[in-house]
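Structure file model16.cif with mmCIF, C-alpha atoms:
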```cif
data_my_file
loop_
_atom_site.label_atom_id
_atom_site.label_comp_id
_atom_site.auth_asym_id
_atom_site.auth_seq_id
_atom_site.Cartn_x
_atom_site.Cartn_y
_atom_site.Cartn_z
CA MET Q 1 -0.94 0.70 -22.95
CA VAL Q 2 -1.72 1.63 -19.43
CA ALA Q 3 -3.05 5.11 -18.93
CA HIS Q 4 -4.69 6.50 -15.87
CA HIS Q 5 -7.31 9.11 -15.51
CA HIS Q 6 -7.04 11.38 -12.57
CA THR Q 7 -9.97 11.38 -10.27
CA LYS Q 8 -11.67 14.57 -9.27
CA ARG Q 9 -11.51 13.55 -5.63
CA ALA Q 10 -7.92 14.07 -4.64
CA THR Q 11 -5.79 15.32 -7.47
CA ARG Q 12 -3.32 18.10 -7.04
CA ARG Q 13 -5.20 20.01 -9.70
CA GLY Q 14 -8.41 19.47 -7.80
CA PHE Q 15 -6.76 20.77 -4.69
CA LEU Q 16 -5.35 23.82 -6.42
CA LEU Q 17 -8.67 24.46 -8.11
CA GLY Q 18 -10.43 24.30 -4.80
CA ALA Q 19 -7.86 26.64 -3.29
CA ALA Q 20 -8.21 29.07 -6.20
CA GLN Q 21 -11.97 29.04 -5.91
CA LEU Q 22 -11.76 29.68 -2.20
CA ALA Q 23 -9.49 32.60 -2.95
CA GLY Q 24 -12.23 34.24 -4.96
CA GLY Q 25 -11.65 33.00 -8.47
CA VAL Q 26 -14.96 31.16 -8.41
CA GLY Q 27 -15.79 29.58 -11.71
CA LEU Q 28 -12.89 31.13 -13.59
CA LEU Q 29 -10.66 28.10 -13.45
CA SER Q 30 -13.38 25.53 -13.67
CA ILE Q 31 -13.28 25.62 -17.45
CA PHE Q 32 -10.16 23.49 -17.18
CA PRO Q 33 -10.97 19.81 -17.07
CA CYS Q 34 -10.31 18.01 -13.82
CA SER Q 35 -9.44 14.78 -15.51
CA GLU Q 36 -6.67 14.13 -17.96
CA SER Q 37 -4.80 11.09 -19.06
CA ARG Q 38 -1.09 10.75 -18.86
CA ALA Q 39 1.08 7.87 -19.95
CA LEU Q 40 3.05 6.29 -17.14
CA PRO Q 41 6.82 5.69 -17.49
CA ASP Q 42 7.74 2.45 -19.32
CA MET Q 43 9.16 0.92 -16.14
CA VAL Q 44 5.87 1.44 -14.32
CA GLN Q 45 3.84 0.14 -17.25
CA ALA Q 46 6.04 -2.96 -17.36
CA ALA Q 47 5.56 -3.58 -13.63
CA ILE Q 48 1.79 -3.24 -14.00
CA LYS Q 49 1.78 -5.49 -17.05
CA LYS Q 50 3.58 -8.15 -15.00
CA VAL Q 51 0.62 -8.20 -12.61
CA VAL Q 52 -2.25 -7.66 -15.00
CA GLY Q 53 -0.97 -9.57 -18.03
CA ALA Q 54 -3.20 -9.30 -21.07
CA ALA Q 55 -6.35 -8.58 -19.06
CA PRO Q 56 -7.89 -5.12 -19.39
CA LEU Q 57 -7.31 -2.77 -16.49
CA ARG Q 58 -10.57 -1.07 -15.60
CA LYS Q 59 -11.19 2.05 -13.62
CA GLY Q 60 -13.37 1.71 -10.53
CA ARG Q 61 -14.23 -0.51 -7.56
CA VAL Q 62 -10.90 0.48 -5.98
CA THR Q 63 -10.50 3.50 -3.73
CA LEU Q 64 -6.99 4.71 -3.09
CA GLY Q 65 -6.86 6.96 -0.05
CA LEU Q 66 -3.87 9.24 -0.15
CA PRO Q 67 -3.52 12.87 0.97
CA PRO Q 68 -3.48 15.31 -1.99
CA MET Q 69 -0.56 17.10 -0.40
CA VAL Q 70 2.07 15.69 1.97
CA GLU Q 71 4.72 17.52 3.91
CA ASN Q 72 7.07 14.61 4.37
CA GLY Q 73 7.52 11.96 1.68
CA ASN Q 74 9.21 9.56 4.10
CA ALA Q 75 5.95 8.30 5.58
CA VAL Q 76 2.77 8.84 3.64
CA SER Q 77 -0.35 7.08 4.87
CA VAL Q 78 -2.04 5.03 2.18
CA GLU Q 79 -5.27 3.07 2.35
CA VAL Q 80 -6.63 0.90 -0.42
CA SER Q 81 -10.17 -0.41 -0.21
CA VAL Q 82 -11.97 -2.46 -2.79
CA GLU Q 83 -15.71 -2.90 -3.29
CA SER Q 84 -16.31 -6.61 -2.98
CA PRO Q 85 -18.78 -8.86 -1.14
CA MET Q 86 -15.78 -11.01 -0.07
CA THR Q 87 -17.69 -14.27 -0.39
CA ALA Q 88 -16.23 -17.65 -1.37
CA SER Q 89 -17.28 -17.07 -4.98
CA ASP Q 90 -16.61 -13.34 -5.31
CA TYR Q 91 -13.63 -11.86 -3.54
CA VAL Q 92 -10.46 -9.82 -3.93
CA LYS Q 93 -7.42 -12.03 -4.52
CA ALA Q 94 -4.76 -9.36 -4.41
CA ILE Q 95 -4.10 -5.66 -4.08
CA HIS Q 96 -1.06 -4.03 -5.65
CA VAL Q 97 0.28 -0.52 -5.18
CA PHE Q 98 2.59 1.18 -7.70
CA ASN Q 99 4.17 4.60 -7.92
CA GLU Q 100 5.13 6.73 -10.86
CA LYS Q 101 8.45 8.36 -9.99
CA ASN Q 102 10.32 6.51 -7.21
CA PRO Q 103 13.44 4.58 -8.33
CA GLN Q 104 11.32 1.39 -8.44
CA PRO Q 105 7.67 1.12 -9.51
CA ASN Q 106 6.50 -1.49 -6.98
CA VAL Q 107 5.39 -0.46 -3.51
CA LEU Q 108 3.31 -3.24 -1.99
CA SER Q 109 1.51 -6.41 -3.08
CA VAL Q 110 -0.83 -8.25 -0.76
CA ARG Q 111 -2.73 -11.51 -1.13
CA LEU Q 112 -6.11 -11.89 0.50
CA GLY Q 113 -9.04 -14.21 0.33
CA PRO Q 114 -12.72 -14.36 1.29
CA HIS Q 115 -11.68 -14.90 4.93
CA ALA Q 116 -10.45 -11.29 5.01
CA GLY Q 117 -14.07 -10.17 5.31
CA LYS Q 118 -13.12 -6.73 4.13
CA ALA Q 119 -10.80 -5.86 1.24
CA ARG Q 120 -8.96 -3.00 2.84
CA VAL Q 121 -5.24 -2.54 3.50
CA SER Q 122 -3.35 0.39 4.99
CA THR Q 123 0.35 1.15 5.17
CA ARG Q 124 2.88 3.99 5.09
CA ILE Q 125 4.99 4.60 2.01
CA ARG Q 126 7.88 6.69 0.74
CA LEU Q 127 7.40 9.12 -2.11
CA ALA Q 128 10.54 10.50 -3.74
CA THR Q 129 8.72 13.40 -5.37
CA THR Q 130 5.34 14.77 -6.41
CA GLN Q 131 3.75 11.98 -8.39
CA GLN Q 132 0.91 9.62 -9.11
CA VAL Q 133 0.22 6.51 -7.02
CA ILE Q 134 -1.73 3.64 -8.53
CA ALA Q 135 -3.67 0.87 -6.79
CA ILE Q 136 -4.81 -2.26 -8.61
CA ALA Q 137 -7.15 -4.98 -7.34
CA GLU Q 138 -7.21 -8.49 -8.74
CA MET Q 139 -10.64 -10.10 -8.38
CA SER Q 140 -11.47 -13.79 -8.07
CA ASP Q 141 -13.17 -13.64 -11.49
CA GLY Q 142 -9.87 -12.61 -13.08
CA THR Q 143 -10.73 -8.96 -13.66
CA PHE Q 144 -8.47 -6.08 -12.65
CA TRP Q 145 -9.66 -2.72 -11.32
CA SER Q 146 -7.72 0.40 -10.45
CA ASP Q 147 -7.59 3.85 -8.98
CA ALA Q 148 -4.89 6.51 -9.27
CA VAL Q 149 -4.24 9.58 -7.18
CA ASP Q 150 -1.82 12.48 -7.61
CA THR Q 151 0.04 13.65 -4.54
CA PHE Q 152 2.07 16.77 -4.08
CA VAL Q 153 5.18 16.06 -1.96
CA ALA Q 154 6.81 19.02 -0.22
CA LEU Q 155 9.78 17.20 1.35
CA ALA Q 156 10.93 14.21 -0.68
CA ALA Q 157 11.92 10.85 0.78
CA CYS Q 158 15.49 9.53 0.40
CA GLN Q 159 17.11 12.98 0.50
CA GLU Q 160 18.53 12.95 3.99
CA ASP Q 161 21.97 11.54 4.82
CA PRO Q 162 21.92 8.18 6.53
CA GLY Q 163 22.53 8.46 10.25
CA MET C 164 19.55 -7.12 16.41
CA THR C 165 16.14 -8.15 17.51
CA ALA C 166 13.36 -6.17 15.96
CA ARG C 167 10.55 -4.93 18.13
CA ALA C 168 7.15 -5.84 16.77
CA LEU C 169 3.77 -4.54 17.83
CA ILE C 170 0.51 -6.27 17.00
CA ASN C 171 -2.89 -4.79 17.67
CA VAL C 172 -5.77 -7.26 17.51
CA PRO C 173 -8.91 -7.25 19.66
CA LYS C 174 -8.60 -9.74 22.53
CA GLU C 175 -12.16 -10.85 22.05
CA ALA C 176 -14.47 -10.88 19.05
CA LYS C 177 -17.84 -12.26 18.07
CA ARG C 178 -17.86 -15.18 15.66
CA GLY C 179 -18.15 -13.84 12.13
CA GLU C 180 -17.04 -10.35 13.06
CA VAL C 181 -14.53 -8.63 10.77
CA ILE C 182 -11.56 -7.54 12.87
CA ALA C 183 -8.73 -5.15 12.06
CA ILE C 184 -5.17 -6.39 12.49
CA LYS C 185 -2.48 -3.75 12.86
CA THR C 186 1.18 -4.65 12.64
CA LEU C 187 4.27 -2.54 13.19
CA ILE C 188 7.88 -3.65 13.32
CA SER C 189 11.07 -1.69 13.92
CA HIS C 190 13.29 -1.80 10.84
CA GLU C 191 15.33 0.76 8.90
CA MET C 192 14.02 -0.39 5.50
CA GLU C 193 17.24 0.83 3.86
CA THR C 194 16.25 1.40 0.25
CA GLY C 195 19.55 0.68 -1.50
CA PHE C 196 19.26 4.01 -3.30
CA ARG C 197 20.99 6.23 -0.75
CA TYR C 198 24.63 7.27 -0.46
CA ASP C 199 26.58 7.64 2.78
CA ASN C 200 28.84 10.59 3.72
CA THR C 201 31.73 9.12 1.75
CA GLY C 202 29.66 8.79 -1.42
CA LYS C 203 29.26 5.03 -1.16
CA LEU C 204 25.90 3.46 -1.97
CA VAL C 205 24.28 2.07 1.19
CA PRO C 206 23.26 -1.52 0.34
CA ARG C 207 19.60 -2.46 0.40
CA ASP C 208 18.38 -3.95 3.66
CA ILE C 209 14.62 -4.33 3.82
CA ILE C 210 11.88 -6.58 5.12
CA ASN C 211 10.31 -7.99 1.98
CA LEU C 212 7.65 -10.34 3.30
CA LEU C 213 5.02 -10.49 6.00
CA VAL C 214 2.92 -13.62 6.36
CA CYS C 215 0.05 -13.98 8.83
CA THR C 216 -1.49 -17.30 9.78
CA TYR C 217 -4.65 -17.87 11.82
CA ASN C 218 -4.60 -21.21 13.63
CA GLY C 219 -1.99 -22.39 11.16
CA VAL C 220 -3.82 -21.30 8.01
CA GLU C 221 -2.35 -18.47 5.96
CA ILE C 222 -4.78 -15.56 5.81
CA PHE C 223 -2.60 -12.71 4.57
CA ARG C 224 0.67 -12.22 2.74
CA ALA C 225 2.34 -8.92 1.91
CA GLU C 226 5.35 -8.33 -0.34
CA LEU C 227 7.15 -5.18 0.70
CA HIS C 228 9.38 -3.08 -1.54
CA PRO C 229 11.88 -0.31 -0.67
CA ALA C 230 9.06 2.26 -1.06
CA ILE C 231 7.58 1.06 2.23
CA SER C 232 8.50 3.47 5.03
CA ALA C 233 10.93 2.63 7.82
CA ASN C 234 9.29 0.68 10.65
CA PRO C 235 6.74 -0.94 8.34
CA PHE C 236 3.12 -0.56 9.39
CA ILE C 237 0.52 -2.78 7.75
CA GLU C 238 -3.14 -3.02 8.60
CA PHE C 239 -5.50 -5.63 7.20
CA HIS C 240 -8.66 -7.52 8.18
CA THR C 241 -9.92 -10.98 8.84
CA VAL C 242 -13.14 -12.69 9.90
CA ALA C 243 -12.97 -13.95 13.48
CA THR C 244 -13.81 -17.63 13.02
CA ASP C 245 -12.37 -19.48 16.02
CA SER C 246 -10.49 -18.79 19.19
CA GLY C 247 -6.79 -19.35 18.78
CA LYS C 248 -3.56 -17.90 17.62
CA LEU C 249 -2.57 -15.36 15.01
CA GLU C 250 1.07 -15.70 14.04
CA PHE C 251 3.10 -13.13 12.16
CA LYS C 252 6.37 -13.74 10.38
CA TRP C 253 8.49 -11.04 8.79
CA SER C 254 11.47 -11.91 6.63
CA GLY C 255 13.91 -9.91 4.58
CA ASP C 256 17.42 -9.13 3.37
CA ASN C 257 20.51 -10.40 5.19
CA GLY C 258 18.59 -13.28 6.69
CA PHE C 259 16.22 -11.05 8.62
CA SER C 260 13.50 -12.95 10.40
CA ALA C 261 11.10 -12.05 13.19
CA THR C 262 7.99 -13.67 14.57
CA GLU C 263 5.23 -12.56 16.88
CA SER C 264 1.92 -14.07 17.91
CA VAL C 265 -1.26 -13.02 19.64
CA THR C 266 -4.23 -14.97 20.89
CA ILE C 267 -7.87 -14.16 20.25
CA THR C 268 -10.99 -15.39 21.96
CA VAL C 269 -14.01 -15.80 19.70
CA ILE C 270 -17.36 -15.91 21.44
#
```
Starting from the file, lay out its structure as structure tokens.
Amino acid sequence: MVAHHHTKRATRRGFLLGAAQLAGGVGLLSIFPCSESRALPDMVQAAIKKVVGAAPLRKGRVTLGLPPMVENGNAVSVEVSVESPMTASDYVKAIHVFNEKNPQPNVLSVRLGPHAGKARVSTRIRLATTQQVIAIAEMSDGTFWSDAVDTFVALAACQEDPG
Amino acid sequence: MTARALINVPKEAKRGEVIAIKTLISHEMETGFRYDNTGKLVPRDIINLLVCTYNGVEIFRAELHPAISANPFIEFHTVATDSGKLEFKWSGDNGFSATESVTITVI
């Protein structure tokens, strides 16, 4: 089963907590944990399984940069960077991005090699609603690492009439 | 329709330097999940692949899905090894194909 733990860094809860604390409720809300685990929809788990196979999916080494709150879900900036020396014997082979609640789980898959020098990719994505985005890195040693971030979407993608 | 593509790569780089490559191409990226005014589903029409070669050797490949925004922007990196040509090829639904290339001088 694939479950993801929210990071403290950029979750919606973290954002709301921060906002609440700023508003004067210092400490009151901090008894609630900032991390929780939530099972992803079957379709998303299946898509991840297709990439990862039987290998364990570990948390860490990947940093998914995504705003905690976006106004417009039609173009959300995303940056995935992976800690790796990017040498001929130790490099990132691929980076995959998945989402929780769009009609399809896959977003982007890229193949890299040691010649990339730096394992970092940026793009702009559509988010149909408030949801979790997941980034997975496939290393040259066959291990898989991940990061997940929750994003609050004010205006969803795919809602406007085509022009 | 010819798509307009923009590539941003430094003109000159030191050998061994990691350079950023920014790509942008004009395309609707119609998801296939939207309905038109008459209630008909608008068929999917997306770019699903971007391949970049550096002096003929593939250095980067991206598979795009409908969740990629219109006018796909992708940024990645490579080590500047030799002077030469970076070539970009996008392909997609309905026989879509576009190419662009830039030259780089490595000192």
Notebook entry, point to check: Written as an NGL selection string, which residues does the PyMOL selection byres ((chain C) within 7 of (chain Q)) give for the file shown?
Noted result: :C and (181 or 197 or 199 or 222-228 or 230-232 or 236-242)
Item checked: Result set, the PyMOL selection byres ((chain Q and resi 69) around 8) on current file, as a PyMOL selection string -> chain Q and resi 12+67-68+70-71+151-154
Notebook entry, point to check: Taking into account all atoms listed in the file, which residue in the set Q:Val44, Q:Val82, Q:Ile136, Q:Leu155 is nearest to Glu100 (chain Q)?
Noted result: Q:Val44
Notebook entry, point to check: Which is closer to Gly247 (chain C) than all the others in C:Ala261, C:Ala176, C:Val205, C:Val214, using only C-alpha atoms?
Noted result: C:Ala176
Margin query: So that I can see what lies close to Lys177 (chain C), please list as a PyMOL selection string the residues with an atom at most 12 Å from it, counting only C-alpha atoms and leaving out residues fewer than 6 positions away in the same chain.
Written below: chain C and resi 242-246+267-270
Check: CA of Leu187 (chain C) to CA of Ala168 (chain C): how many Å, to one decimal?
Finding: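 Taking CA of Leu187 (chain C) and CA of Ala168 (chain C), their separation equals 5.7 Å.
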Notebook entry, point to check: Smallest atom-to-atom distance to Lys248 (chain C): which of C:Pro235, C:Gly202, C:Thr194, C:Glu175, using all atoms listed in the file?
Noted result: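 Of C:Pro235, C:Gly202, C:Thr194, C:Glu175, the one nearest Lys248 (chain C) is C:Glu175, counting all atoms listed in the file.
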Note to self: Just to confirm, what's the straight-line distance from CA of Lys252 (chain C) to CA of Val51 (chain Q) in Å (one decimal)?
What the structure shows: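 CA of Lys252 (chain C) sits 24.3 Å away from CA of Val51 (chain Q).
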Notebook entry, point to check: Pick the closest to Asp208 (chain C) from C:Pro229, C:Thr266, C:Arg178, C:Ile170: which is it, counting all atoms listed in the file?
Noted result: C:Pro229
Next item on the list: In Å, rounded to a single decimal, give me how far CA of Pro173 (chain C) is from CA of Ile188 (chain C).
Entry: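 Computing the Euclidean distance for CA of Ile188 (chain C) and CA of Pro173 (chain C) yields 18.3 Å.
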Taking all listed atoms of region 44-62 of chain Q, build the axis-aligned box, pad each of the six sides by 3 Å, then write its centre and edge lengths in Å to one decimal as lines of an AutoDock Vina configuration file.
```
center_x = -4.1
center_y = -3.8
center_z = -13.5
size_x = 26.3
size_y = 17.6
size_z = 21.1
```
Next item on the list: Tell me which residues the PyMOL selection byres ((chain Q and resi 56-63) around 7) grabs here, as a PyMOL selection string.
Entry: chain Q and resi 54-55+64-65+80-83+137+144-147
